[in-house]
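Colleague: Following this line is run24.pdb, made up of PDB, C-alpha atoms, pLDDT in the B column:
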```pdb
ATOM      1  CA  MET A 114      -2.049  15.455  19.708  1.00 81.00           C
ATOM      2  CA  LYS A 115      -1.890  16.143  15.975  1.00 87.00           C
ATOM      3  CA  LYS A 116      -5.012  16.572  13.877  1.00 92.00           C
ATOM      4  CA  LEU A 117      -5.671  14.288  10.909  1.00 95.00           C
ATOM      5  CA  ILE A 118      -8.678  14.786   8.655  1.00 96.00           C
ATOM      6  CA  PHE A 119      -9.993  11.728   6.832  1.00 95.00           C
ATOM      7  CA  ALA A 120     -11.596  13.074   3.664  1.00 94.00           C
ATOM      8  CA  THR A 121     -14.761  11.031   3.516  1.00 89.00           C
ATOM      9  CA  GLY A 122     -18.415  11.353   4.351  1.00 83.00           C
ATOM     10  CA  ASN A 123     -18.692   7.594   4.784  1.00 82.00           C
ATOM     11  CA  GLU A 124     -19.015   6.932   8.509  1.00 82.00           C
ATOM     12  CA  ASN A 125     -18.175   3.238   8.024  1.00 79.00           C
ATOM     13  CA  LYS A 126     -14.778   4.210   6.614  1.00 82.00           C
ATOM     14  CA  VAL A 127     -14.217   6.612   9.509  1.00 86.00           C
ATOM     15  CA  LYS A 128     -14.891   3.792  11.995  1.00 84.00           C
ATOM     16  CA  GLU A 129     -12.364   1.576  10.190  1.00 81.00           C
ATOM     17  CA  ILE A 130      -9.559   4.125  10.220  1.00 85.00           C
ATOM     18  CA  LYS A 131     -10.190   5.029  13.871  1.00 87.00           C
ATOM     19  CA  MET A 132      -9.955   1.352  14.827  1.00 84.00           C
ATOM     20  CA  ILE A 133      -6.770   0.732  12.860  1.00 84.00           C
ATOM     21  CA  MET A 134      -4.970   3.937  13.909  1.00 84.00           C
ATOM     22  CA  ALA A 135      -6.300   4.079  17.479  1.00 84.00           C
ATOM     23  CA  ASP A 136      -2.843   3.844  19.108  1.00 82.00           C
ATOM     24  CA  MET A 137      -1.354   6.739  17.126  1.00 85.00           C
ATOM     25  CA  ASP A 138      -0.949  10.271  18.430  1.00 84.00           C
ATOM     26  CA  TYR A 139      -3.567  11.706  16.071  1.00 89.00           C
ATOM     27  CA  GLU A 140      -7.000  13.197  16.534  1.00 91.00           C
ATOM     28  CA  ILE A 141      -8.804  11.640  13.562  1.00 92.00           C
ATOM     29  CA  ILE A 142     -11.852  13.539  12.369  1.00 93.00           C
ATOM     30  CA  SER A 143     -14.162  13.174   9.401  1.00 92.00           C
ATOM     31  CA  LEU A 144     -15.173  15.909   6.979  1.00 94.00           C
ATOM     32  CA  LYS A 145     -18.471  16.227   8.829  1.00 92.00           C
ATOM     33  CA  GLU A 146     -16.715  16.572  12.178  1.00 92.00           C
ATOM     34  CA  ALA A 147     -14.425  19.207  10.638  1.00 93.00           C
ATOM     35  CA  GLY A 148     -17.447  21.145   9.375  1.00 93.00           C
ATOM     36  CA  ILE A 149     -16.444  20.681   5.734  1.00 94.00           C
ATOM     37  CA  ASP A 150     -19.074  20.241   3.022  1.00 92.00           C
ATOM     38  CA  VAL A 151     -17.532  20.448  -0.445  1.00 92.00           C
ATOM     39  CA  ASP A 152     -17.958  18.660  -3.749  1.00 90.00           C
ATOM     40  CA  ILE A 153     -14.684  17.439  -5.206  1.00 92.00           C
ATOM     41  CA  GLU A 154     -14.557  16.282  -8.806  1.00 90.00           C
ATOM     42  CA  GLU A 155     -12.781  12.933  -8.824  1.00 90.00           C
ATOM     43  CA  ASP A 156     -11.633  12.870 -12.431  1.00 93.00           C
ATOM     44  CA  GLY A 157      -8.540  10.704 -12.018  1.00 96.00           C
ATOM     45  CA  MET A 158      -8.005   7.578 -14.090  1.00 96.00           C
ATOM     46  CA  THR A 159      -6.800   5.402 -11.199  1.00 97.00           C
ATOM     47  CA  PHE A 160      -7.716   4.824  -7.563  1.00 97.00           C
ATOM     48  CA  GLU A 161      -4.451   6.499  -6.534  1.00 98.00           C
ATOM     49  CA  GLU A 162      -5.082   9.617  -8.627  1.00 98.00           C
ATOM     50  CA  ASN A 163      -8.548  10.062  -7.138  1.00 97.00           C
ATOM     51  CA  ALA A 164      -7.258   9.626  -3.586  1.00 97.00           C
ATOM     52  CA  ILE A 165      -4.596  12.295  -4.194  1.00 98.00           C
ATOM     53  CA  ILE A 166      -7.157  14.675  -5.725  1.00 97.00           C
ATOM     54  CA  LYS A 167      -9.408  14.428  -2.661  1.00 97.00           C
ATOM     55  CA  ALA A 168      -6.643  14.677  -0.062  1.00 97.00           C
ATOM     56  CA  THR A 169      -4.972  17.618  -1.834  1.00 98.00           C
ATOM     57  CA  ALA A 170      -8.198  19.604  -2.098  1.00 97.00           C
ATOM     58  CA  ILE A 171      -9.028  19.251   1.601  1.00 97.00           C
ATOM     59  CA  SER A 172      -5.448  19.889   2.728  1.00 97.00           C
ATOM     60  CA  LYS A 173      -5.327  23.136   0.727  1.00 96.00           C
ATOM     61  CA  LEU A 174      -8.671  24.138   2.222  1.00 96.00           C
ATOM     62  CA  THR A 175      -7.724  23.409   5.838  1.00 96.00           C
ATOM     63  CA  GLY A 176      -3.933  23.519   6.027  1.00 96.00           C
ATOM     64  CA  GLU A 177      -4.038  20.173   7.872  1.00 96.00           C
ATOM     65  CA  LEU A 178      -2.659  16.686   7.288  1.00 97.00           C
ATOM     66  CA  VAL A 179      -5.326  14.887   5.263  1.00 97.00           C
ATOM     67  CA  LEU A 180      -5.897  11.255   4.365  1.00 96.00           C
ATOM     68  CA  ALA A 181      -8.208  10.212   1.558  1.00 96.00           C
ATOM     69  CA  ASP A 182      -8.962   6.895  -0.022  1.00 95.00           C
ATOM     70  CA  ASP A 183     -10.414   5.701  -3.266  1.00 95.00           C
ATOM     71  CA  SER A 184     -11.495   2.126  -3.474  1.00 95.00           C
ATOM     72  CA  GLY A 185     -13.611  -0.132  -5.557  1.00 96.00           C
ATOM     73  CA  LEU A 186     -14.378  -3.549  -6.936  1.00 98.00           C
ATOM     74  CA  GLU A 187     -12.672  -5.042  -9.985  1.00 98.00           C
ATOM     75  CA  VAL A 188     -14.433  -8.001 -11.612  1.00 98.00           C
ATOM     76  CA  ASP A 189     -12.161  -9.759 -14.092  1.00 98.00           C
ATOM     77  CA  TYR A 190     -14.987 -11.178 -16.230  1.00 98.00           C
ATOM     78  CA  LEU A 191     -16.336  -7.622 -16.639  1.00 98.00           C
ATOM     79  CA  ASN A 192     -12.954  -6.236 -17.764  1.00 98.00           C
ATOM     80  CA  LYS A 193     -12.303  -4.988 -14.208  1.00 97.00           C
ATOM     81  CA  GLN A 194     -15.559  -3.060 -14.021  1.00 97.00           C
ATOM     82  CA  PRO A 195     -16.878  -1.296 -12.045  1.00 98.00           C
ATOM     83  CA  GLY A 196     -13.368  -0.234 -10.930  1.00 98.00           C
ATOM     84  CA  ILE A 197     -12.955   3.479 -10.208  1.00 97.00           C
ATOM     85  CA  TYR A 198     -16.658   3.922 -11.013  1.00 96.00           C
ATOM     86  CA  SER A 199     -17.771   1.534  -8.254  1.00 96.00           C
ATOM     87  CA  ALA A 200     -19.690   4.183  -6.301  1.00 91.00           C
ATOM     88  CA  ARG A 201     -21.498   5.363  -9.453  1.00 92.00           C
ATOM     89  CA  TYR A 202     -22.106   1.925 -10.978  1.00 96.00           C
ATOM     90  CA  GLY A 203     -25.732   1.548 -12.026  1.00 94.00           C
ATOM     91  CA  GLY A 204     -26.401   5.171 -11.056  1.00 94.00           C
ATOM     92  CA  VAL A 205     -25.133   7.492  -8.332  1.00 88.00           C
ATOM     93  CA  ASP A 206     -28.294   7.167  -6.232  1.00 92.00           C
ATOM     94  CA  THR A 207     -28.770   3.454  -6.823  1.00 95.00           C
ATOM     95  CA  SER A 208     -28.642   1.383  -3.636  1.00 96.00           C
ATOM     96  CA  TYR A 209     -25.875  -1.162  -3.195  1.00 96.00           C
ATOM     97  CA  ALA A 210     -28.464  -3.908  -3.015  1.00 96.00           C
ATOM     98  CA  ILE A 211     -29.318  -3.035  -6.627  1.00 97.00           C
ATOM     99  CA  LYS A 212     -25.688  -2.530  -7.678  1.00 98.00           C
ATOM    100  CA  ASN A 213     -24.810  -5.937  -6.241  1.00 98.00           C
ATOM    101  CA  GLN A 214     -27.702  -7.599  -8.046  1.00 98.00           C
ATOM    102  CA  ILE A 215     -26.649  -6.000 -11.348  1.00 98.00           C
ATOM    103  CA  ILE A 216     -23.233  -7.644 -11.046  1.00 98.00           C
ATOM    104  CA  ILE A 217     -24.721 -11.005 -10.058  1.00 98.00           C
ATOM    105  CA  ASP A 218     -27.057 -10.827 -13.068  1.00 98.00           C
ATOM    106  CA  ARG A 219     -24.212  -9.931 -15.439  1.00 98.00           C
ATOM    107  CA  LEU A 220     -22.314 -13.012 -14.249  1.00 98.00           C
ATOM    108  CA  GLU A 221     -25.264 -15.367 -14.621  1.00 97.00           C
ATOM    109  CA  GLY A 222     -24.035 -18.706 -15.951  1.00 97.00           C
ATOM    110  CA  VAL A 223     -20.353 -17.770 -15.508  1.00 98.00           C
ATOM    111  CA  ALA A 224     -18.262 -20.591 -14.051  1.00 97.00           C
ATOM    112  CA  GLU A 225     -16.812 -20.222 -10.576  1.00 95.00           C
ATOM    113  CA  GLU A 226     -13.198 -20.075 -11.772  1.00 96.00           C
ATOM    114  CA  GLN A 227     -14.105 -17.105 -14.003  1.00 98.00           C
ATOM    115  CA  ARG A 228     -15.759 -15.096 -11.215  1.00 98.00           C
ATOM    116  CA  THR A 229     -12.456 -13.789  -9.820  1.00 98.00           C
ATOM    117  CA  ALA A 230     -12.483 -10.280  -8.425  1.00 98.00           C
ATOM    118  CA  ARG A 231     -10.699  -8.014  -5.993  1.00 98.00           C
ATOM    119  CA  PHE A 232     -11.270  -5.016  -3.814  1.00 98.00           C
ATOM    120  CA  VAL A 233      -8.610  -2.329  -4.342  1.00 98.00           C
ATOM    121  CA  CYS A 234      -7.891   0.587  -2.029  1.00 97.00           C
ATOM    122  CA  ALA A 235      -5.483   3.475  -2.535  1.00 98.00           C
ATOM    123  CA  ILE A 236      -4.740   5.788   0.401  1.00 97.00           C
ATOM    124  CA  ALA A 237      -3.168   9.214  -0.067  1.00 98.00           C
ATOM    125  CA  ALA A 238      -1.717  11.404   2.664  1.00 98.00           C
ATOM    126  CA  VAL A 239      -1.155  15.060   1.856  1.00 98.00           C
ATOM    127  CA  PHE A 240       0.839  17.148   4.321  1.00 96.00           C
ATOM    128  CA  PRO A 241       0.402  20.906   4.885  1.00 95.00           C
ATOM    129  CA  ASP A 242       3.661  21.521   2.986  1.00 95.00           C
ATOM    130  CA  GLY A 243       2.268  19.718  -0.075  1.00 95.00           C
ATOM    131  CA  ARG A 244       4.170  16.443   0.277  1.00 96.00           C
ATOM    132  CA  VAL A 245       2.236  13.355  -0.816  1.00 97.00           C
ATOM    133  CA  LEU A 246       2.424   9.731   0.306  1.00 97.00           C
ATOM    134  CA  THR A 247       0.408   6.901  -1.247  1.00 98.00           C
ATOM    135  CA  ARG A 248      -0.158   3.258  -0.420  1.00 98.00           C
ATOM    136  CA  THR A 249      -2.283   0.719  -2.331  1.00 98.00           C
ATOM    137  CA  ALA A 250      -3.509  -2.738  -1.334  1.00 98.00           C
ATOM    138  CA  ALA A 251      -5.978  -5.361  -2.565  1.00 98.00           C
ATOM    139  CA  MET A 252      -8.089  -8.244  -1.277  1.00 97.00           C
ATOM    140  CA  GLU A 253      -8.654 -11.124  -3.684  1.00 98.00           C
ATOM    141  CA  GLY A 254     -11.848 -13.159  -3.911  1.00 98.00           C
ATOM    142  CA  ARG A 255     -14.656 -13.901  -6.298  1.00 98.00           C
ATOM    143  CA  ILE A 256     -18.249 -12.878  -6.930  1.00 98.00           C
ATOM    144  CA  ASP A 257     -20.831 -14.981  -5.115  1.00 98.00           C
ATOM    145  CA  TYR A 258     -24.105 -16.167  -6.631  1.00 98.00           C
ATOM    146  CA  GLU A 259     -26.276 -14.260  -4.158  1.00 97.00           C
ATOM    147  CA  GLN A 260     -26.005 -11.527  -1.563  1.00 98.00           C
ATOM    148  CA  LYS A 261     -25.072 -12.765   1.888  1.00 97.00           C
ATOM    149  CA  GLY A 262     -24.275 -11.142   5.223  1.00 97.00           C
ATOM    150  CA  GLU A 263     -25.321  -8.105   7.218  1.00 93.00           C
ATOM    151  CA  ASN A 264     -21.913  -6.719   8.182  1.00 89.00           C
ATOM    152  CA  GLY A 265     -19.771  -4.466   6.059  1.00 82.00           C
ATOM    153  CA  PHE A 266     -21.155  -2.219   3.327  1.00 88.00           C
ATOM    154  CA  GLY A 267     -21.005  -1.610  -0.408  1.00 93.00           C
ATOM    155  CA  TYR A 268     -20.141  -4.722  -2.388  1.00 97.00           C
ATOM    156  CA  ASP A 269     -19.269  -6.818   0.682  1.00 96.00           C
ATOM    157  CA  PRO A 270     -22.406  -9.027   0.432  1.00 98.00           C
ATOM    158  CA  ILE A 271     -21.333 -10.447  -2.969  1.00 98.00           C
ATOM    159  CA  PHE A 272     -17.578 -10.640  -2.373  1.00 98.00           C
ATOM    160  CA  TYR A 273     -16.838 -14.263  -1.517  1.00 98.00           C
ATOM    161  CA  LEU A 274     -13.614 -15.236   0.250  1.00 98.00           C
ATOM    162  CA  PRO A 275     -12.879 -18.918  -0.509  1.00 97.00           C
ATOM    163  CA  GLU A 276     -10.342 -19.267   2.312  1.00 96.00           C
ATOM    164  CA  PHE A 277     -12.991 -18.294   4.865  1.00 97.00           C
ATOM    165  CA  GLY A 278     -16.028 -19.816   3.172  1.00 97.00           C
ATOM    166  CA  CYS A 279     -18.097 -16.633   3.419  1.00 98.00           C
ATOM    167  CA  THR A 280     -18.558 -13.166   2.001  1.00 98.00           C
ATOM    168  CA  SER A 281     -16.801 -10.163   3.512  1.00 96.00           C
ATOM    169  CA  ALA A 282     -20.215  -9.027   4.769  1.00 96.00           C
ATOM    170  CA  GLN A 283     -20.310 -12.151   6.952  1.00 97.00           C
ATOM    171  CA  LEU A 284     -17.041 -11.341   8.720  1.00 95.00           C
ATOM    172  CA  SER A 285     -16.847  -9.501  12.028  1.00 93.00           C
ATOM    173  CA  PRO A 286     -15.598  -5.894  11.728  1.00 85.00           C
ATOM    174  CA  GLU A 287     -12.361  -6.883  13.485  1.00 86.00           C
ATOM    175  CA  HIS A 288     -11.739  -9.814  11.128  1.00 92.00           C
ATOM    176  CA  LYS A 289     -12.573  -7.735   8.081  1.00 88.00           C
ATOM    177  CA  ASN A 290     -10.185  -4.955   9.136  1.00 84.00           C
ATOM    178  CA  ALA A 291      -7.414  -7.514   9.563  1.00 89.00           C
ATOM    179  CA  ILE A 292      -7.630  -8.768   5.970  1.00 93.00           C
ATOM    180  CA  SER A 293      -9.436  -6.120   3.914  1.00 92.00           C
ATOM    181  CA  HIS A 294      -7.959  -3.988   1.164  1.00 94.00           C
ATOM    182  CA  ARG A 295      -8.631  -0.831   3.172  1.00 91.00           C
ATOM    183  CA  GLY A 296      -7.273  -2.368   6.364  1.00 89.00           C
ATOM    184  CA  LYS A 297      -4.060  -3.376   4.583  1.00 94.00           C
ATOM    185  CA  ALA A 298      -3.629   0.029   2.929  1.00 95.00           C
ATOM    186  CA  LEU A 299      -4.329   1.865   6.189  1.00 92.00           C
ATOM    187  CA  ARG A 300      -1.770  -0.212   8.080  1.00 92.00           C
ATOM    188  CA  MET A 301       0.779   0.507   5.350  1.00 95.00           C
ATOM    189  CA  MET A 302      -0.019   4.213   5.623  1.00 94.00           C
ATOM    190  CA  ARG A 303       0.131   3.990   9.413  1.00 92.00           C
ATOM    191  CA  GLU A 304       3.714   2.717   9.167  1.00 93.00           C
ATOM    192  CA  ALA A 305       4.569   5.457   6.663  1.00 94.00           C
ATOM    193  CA  LEU A 306       3.224   8.153   9.020  1.00 92.00           C
ATOM    194  CA  LEU A 307       5.113   6.657  11.958  1.00 89.00           C
ATOM    195  CA  GLU A 308       8.287   6.786   9.855  1.00 91.00           C
ATOM    196  CA  GLU A 309       7.557  10.430   9.041  1.00 88.00           C
ATOM    197  CA  ASP A 310       7.194  11.169  12.756  1.00 83.00           C
ATOM    198  CA  ARG A 311      10.464   9.387  13.538  1.00 86.00           C
ATOM    199  CA  ASN A 312      12.314  11.279  10.814  1.00 86.00           C
ATOM    200  CA  ALA A 313      10.924  14.600  12.033  1.00 80.00           C
ATOM    201  CA  LEU A 314      12.015  13.808  15.595  1.00 80.00           C
ATOM    202  CA  ASN A 315      15.498  12.791  14.468  1.00 83.00           C
ATOM    203  CA  ALA A 316      15.840  15.949  12.385  1.00 81.00           C
ATOM    204  CA  GLU A 317      14.797  18.015  15.382  1.00 77.00           C
ATOM    205  CA  ASN A 318      17.306  16.267  17.678  1.00 81.00           C
ATOM    206  CA  ASN A 319      20.109  16.637  15.121  1.00 75.00           C
ATOM    207  CA  THR A 320      19.540  20.324  14.424  1.00 63.00           C
ATOM    208  CA  PRO A 321      22.976  22.060  14.385  1.00 61.00           C
ATOM    209  CA  VAL A 322      23.631  24.470  17.246  1.00 52.00           C
ATOM    210  CA  PRO A 323      23.722  28.096  15.985  1.00 59.00           C
ATOM    211  CA  VAL A 324      27.252  29.556  15.782  1.00 53.00           C
ATOM    212  CA  GLU A 325      26.625  32.158  18.485  1.00 55.00           C
ATOM    213  CA  ASN A 326      25.459  29.409  20.852  1.00 50.00           C
ATOM    214  CA  GLU A 327      28.577  27.354  20.119  1.00 47.00           C
ATOM    215  CA  ILE A 328      30.807  30.351  20.998  1.00 46.00           C
ATOM    216  CA  GLU A 329      28.874  30.978  24.200  1.00 49.00           C
ATOM    217  CA  ALA A 330      29.109  27.318  25.147  1.00 47.00           C
ATOM    218  CA  GLY A 331      32.872  27.357  24.537  1.00 49.00           C
ATOM    219  CA  GLU A 332      33.329  30.414  26.713  1.00 50.00           C
ATOM    220  CA  ASN A 333      31.315  28.885  29.530  1.00 49.00           C
ATOM    221  CA  GLU A 334      33.433  25.727  29.458  1.00 48.00           C
ATOM    222  CA  GLY A 335      36.500  27.789  30.433  1.00 48.00           C
ATOM    223  CA  GLU A 336      34.793  29.359  33.439  1.00 46.00           C
ATOM    224  CA  THR A 337      35.218  28.060  36.982  1.00 42.00           C
ATOM    225  CA  VAL A 338      32.829  28.467  39.840  1.00 39.00           C
TER
END
```
In structure tokens, write the structure found in this file.
Modeller:
Amino acid sequence: MKKLIFATGNENKVKEIKMIMADMDYEIISLKEAGIDVDIEEDGMTFEENAIIKATAISKLTGELVLADDSGLEVDYLNKQPGIYSARYGGVDTSYAIKNQIIIDRLEGVAEEQRTARFVCAIAAVFPDGRVLTRTAAMEGRIDYEQKGENGFGYDPIFYLPEFGCTSAQLSPEHKNAISHRGKALRMMREALLEEDRNALNAENNTPVPVENEIEAGENEGETV
């Protein structure tokens, strides 16, 4: 079984990836489980850049295949804030209950059709040889008028999904994984990793026989028992 490190300290994210990639031939471990405690400066300008920065740093440190994600909330009325600064919005140590209320307050009086928003997730895979794969997905919705739901985490309690009539924090974990931005991106990455495995197997099966082995095989074909 191959090792895959998911570069996050967020145990909720680790649970999600383990659920989605459970049938793959990978031992998925978190940074904590790998005994890694490092601060990585995420100074990219996009979700994808930040995901690559994290995955590259941990892969160089460990020599392992590493996945990392960067995700956040884009609120159209707020010019797509908080965006890549979602985790630091309102202060690094500010609770999400407060962050969520800040957004609700900033949208006070804003009509429903102008409360459109989306969760975005970029996943990066960095291989020991330095190769990089990325996949990005989104989940569309709008900002609710109050916080609702006990499931999920982060901005889930204010992210309303009109087609389901509830916030993403009111969905079961299984339902959320099926439709969420991270669930979509992880499934896309899952397919990309499976394709990598298939290509590696095909390359191994199609490896040319060394010349000396071809000569030996030819000589043996002429022998009789």
Colleague: As AutoDock Vina command-line options, please: the centre and edge lengths in Å, to one decimal, of an axis-aligned box enclosing every listed atom of stretch 120-134 of chain A with 6 Å added on each side.
Modeller:
```
--center_x -12.0 --center_y 6.9 --center_z 9.2 --size_x 26.0 --size_y 24.3 --size_z 23.3
```
Colleague: Give me, please, the distance in Å between atom CA of A:Asp189 and atom CA of A:Ala230, quoted to one decimal.
Modeller: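 Those two atoms sit 5.7 Å apart.
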Colleague: Quick one: which residues end up in the PyMOL selection byres ((chain A and resi 288-291) around 10) for this structure, as a PDB file with C-alpha atoms, in the frame of the given file?
Modeller:
```pdb
ATOM      1  CA  GLU A 129     -12.364   1.576  10.190  1.00 81.00           C
ATOM      2  CA  ILE A 130      -9.559   4.125  10.220  1.00 85.00           C
ATOM      3  CA  MET A 132      -9.955   1.352  14.827  1.00 84.00           C
ATOM      4  CA  ILE A 133      -6.770   0.732  12.860  1.00 84.00           C
ATOM      5  CA  ASN A 264     -21.913  -6.719   8.182  1.00 89.00           C
ATOM      6  CA  GLY A 265     -19.771  -4.466   6.059  1.00 82.00           C
ATOM      7  CA  SER A 281     -16.801 -10.163   3.512  1.00 96.00           C
ATOM      8  CA  ALA A 282     -20.215  -9.027   4.769  1.00 96.00           C
ATOM      9  CA  GLN A 283     -20.310 -12.151   6.952  1.00 97.00           C
ATOM     10  CA  LEU A 284     -17.041 -11.341   8.720  1.00 95.00           C
ATOM     11  CA  SER A 285     -16.847  -9.501  12.028  1.00 93.00           C
ATOM     12  CA  PRO A 286     -15.598  -5.894  11.728  1.00 85.00           C
ATOM     13  CA  GLU A 287     -12.361  -6.883  13.485  1.00 86.00           C
ATOM     14  CA  ILE A 292      -7.630  -8.768   5.970  1.00 93.00           C
ATOM     15  CA  SER A 293      -9.436  -6.120   3.914  1.00 92.00           C
ATOM     16  CA  HIS A 294      -7.959  -3.988   1.164  1.00 94.00           C
ATOM     17  CA  ARG A 295      -8.631  -0.831   3.172  1.00 91.00           C
ATOM     18  CA  GLY A 296      -7.273  -2.368   6.364  1.00 89.00           C
ATOM     19  CA  LYS A 297      -4.060  -3.376   4.583  1.00 94.00           C
ATOM     20  CA  LEU A 299      -4.329   1.865   6.189  1.00 92.00           C
ATOM     21  CA  ARG A 300      -1.770  -0.212   8.080  1.00 92.00           C
TER      22      ARG A 300
END
```
Colleague: What is the atom CA of A:Leu180 to atom CA of A:Leu117 distance in Å?
Modeller: 7.2 Å
Colleague: Residues picked by the PyMOL selection byres ((chain A and resi 168) around 12) here, as a ChimeraX atom specification?
Modeller: /A:117-121,144,153-155,161-167,169-183,235-241,243-247
Colleague: Fewer than 4 positions away in the same chain doesn't count, so skip those; otherwise give me all residues within 7 Å of A:Lys115, counting all atoms listed in the file, as a PyMOL selection string.
Modeller: chain A and resi 138-140
Colleague: The selected residues should be written to file as a PDB file, in the coordinates of the input (atoms: C-alpha atoms).
Modeller:
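Dumped everything to selection.pdb:
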```pdb
ATOM      1  CA  ASP A 138      -0.949  10.271  18.430  1.00 84.00           C
ATOM      2  CA  TYR A 139      -3.567  11.706  16.071  1.00 89.00           C
ATOM      3  CA  GLU A 140      -7.000  13.197  16.534  1.00 91.00           C
TER       4      GLU A 140
END
```
Colleague: Evaluating the PyMOL selection byres ((chain A and resi 224) around 12) on the displayed file yields which residues, as a list of chain:residue names?
Modeller: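 Checked against the file, the PyMOL selection byres ((chain A and resi 224) around 12) matches A:Tyr190, A:Leu220, A:Glu221, A:Gly222, A:Val223, A:Glu225, A:Glu226, A:Gln227, A:Arg228, A:Thr229, A:Arg255, A:Ile256, A:Asp257, A:Tyr258.
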Colleague: Okay, now the selection with C-alpha atoms, as a tab-separated table (two decimals), in the coordinates of the input?
Modeller:
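The resulting file, result04.tsv, is reproduced below:
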```
chain	number	residue	atom	x	y	z
A	190	TYR	CA	-14.99	-11.18	-16.23
A	220	LEU	CA	-22.31	-13.01	-14.25
A	221	GLU	CA	-25.26	-15.37	-14.62
A	222	GLY	CA	-24.04	-18.71	-15.95
A	223	VAL	CA	-20.35	-17.77	-15.51
A	225	GLU	CA	-16.81	-20.22	-10.58
A	226	GLU	CA	-13.20	-20.08	-11.77
A	227	GLN	CA	-14.10	-17.10	-14.00
A	228	ARG	CA	-15.76	-15.10	-11.22
A	229	THR	CA	-12.46	-13.79	-9.82
A	255	ARG	CA	-14.66	-13.90	-6.30
A	256	ILE	CA	-18.25	-12.88	-6.93
A	257	ASP	CA	-20.83	-14.98	-5.12
A	258	TYR	CA	-24.10	-16.17	-6.63
```
Colleague: Would you mind telling me which residue in A:Tyr209, A:Gly122, A:Tyr268, A:Met301 lies nearest to A:Gly148 when using only C-alpha atoms?
Modeller: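 Residue with the minimum atom-to-atom distance to A:Gly148: A:Gly122.
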Colleague: What is the distance between atom CA of A:Cys234 and atom CA of A:Asp310, in Å to one decimal?
Modeller: 23.6 Å
Colleague: Which neighbours of A:Arg201 fall inside 12 Å, counting all atoms listed in the file, when residues of the same chain fewer than 3 positions from it are skipped, and could you give them as a list in words?
Modeller: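 Those residues are Glu155, Gly185, Leu186, Gln194, Pro195, Gly196, Ile197, Tyr198, Gly204, Val205, Asp206, Thr207, Ser208, Tyr209, Ile211, Lys212 and Gly267 of chain A.
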Colleague: Quick one: residues within 9 Å of A:Pro275, all atoms listed in the file counted, chain neighbours fewer than 4 positions away excluded, as a PyMOL selection string?
Modeller: chain A and resi 254-255+279-280
Colleague: Measuring atom to atom with all atoms listed in the file, identify which of A:Ala147, A:Val233, A:Tyr202, A:Glu317 is nearest to A:Ala298.
Modeller: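 Of the candidates, the smallest distance to A:Ala298 is held by A:Val233.
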Colleague: Between A:Lys193, A:Arg219, A:Arg311, A:Arg303, which has the minimum distance to A:Ala135 (counting all atoms listed in the file)?
Modeller: A:Arg303
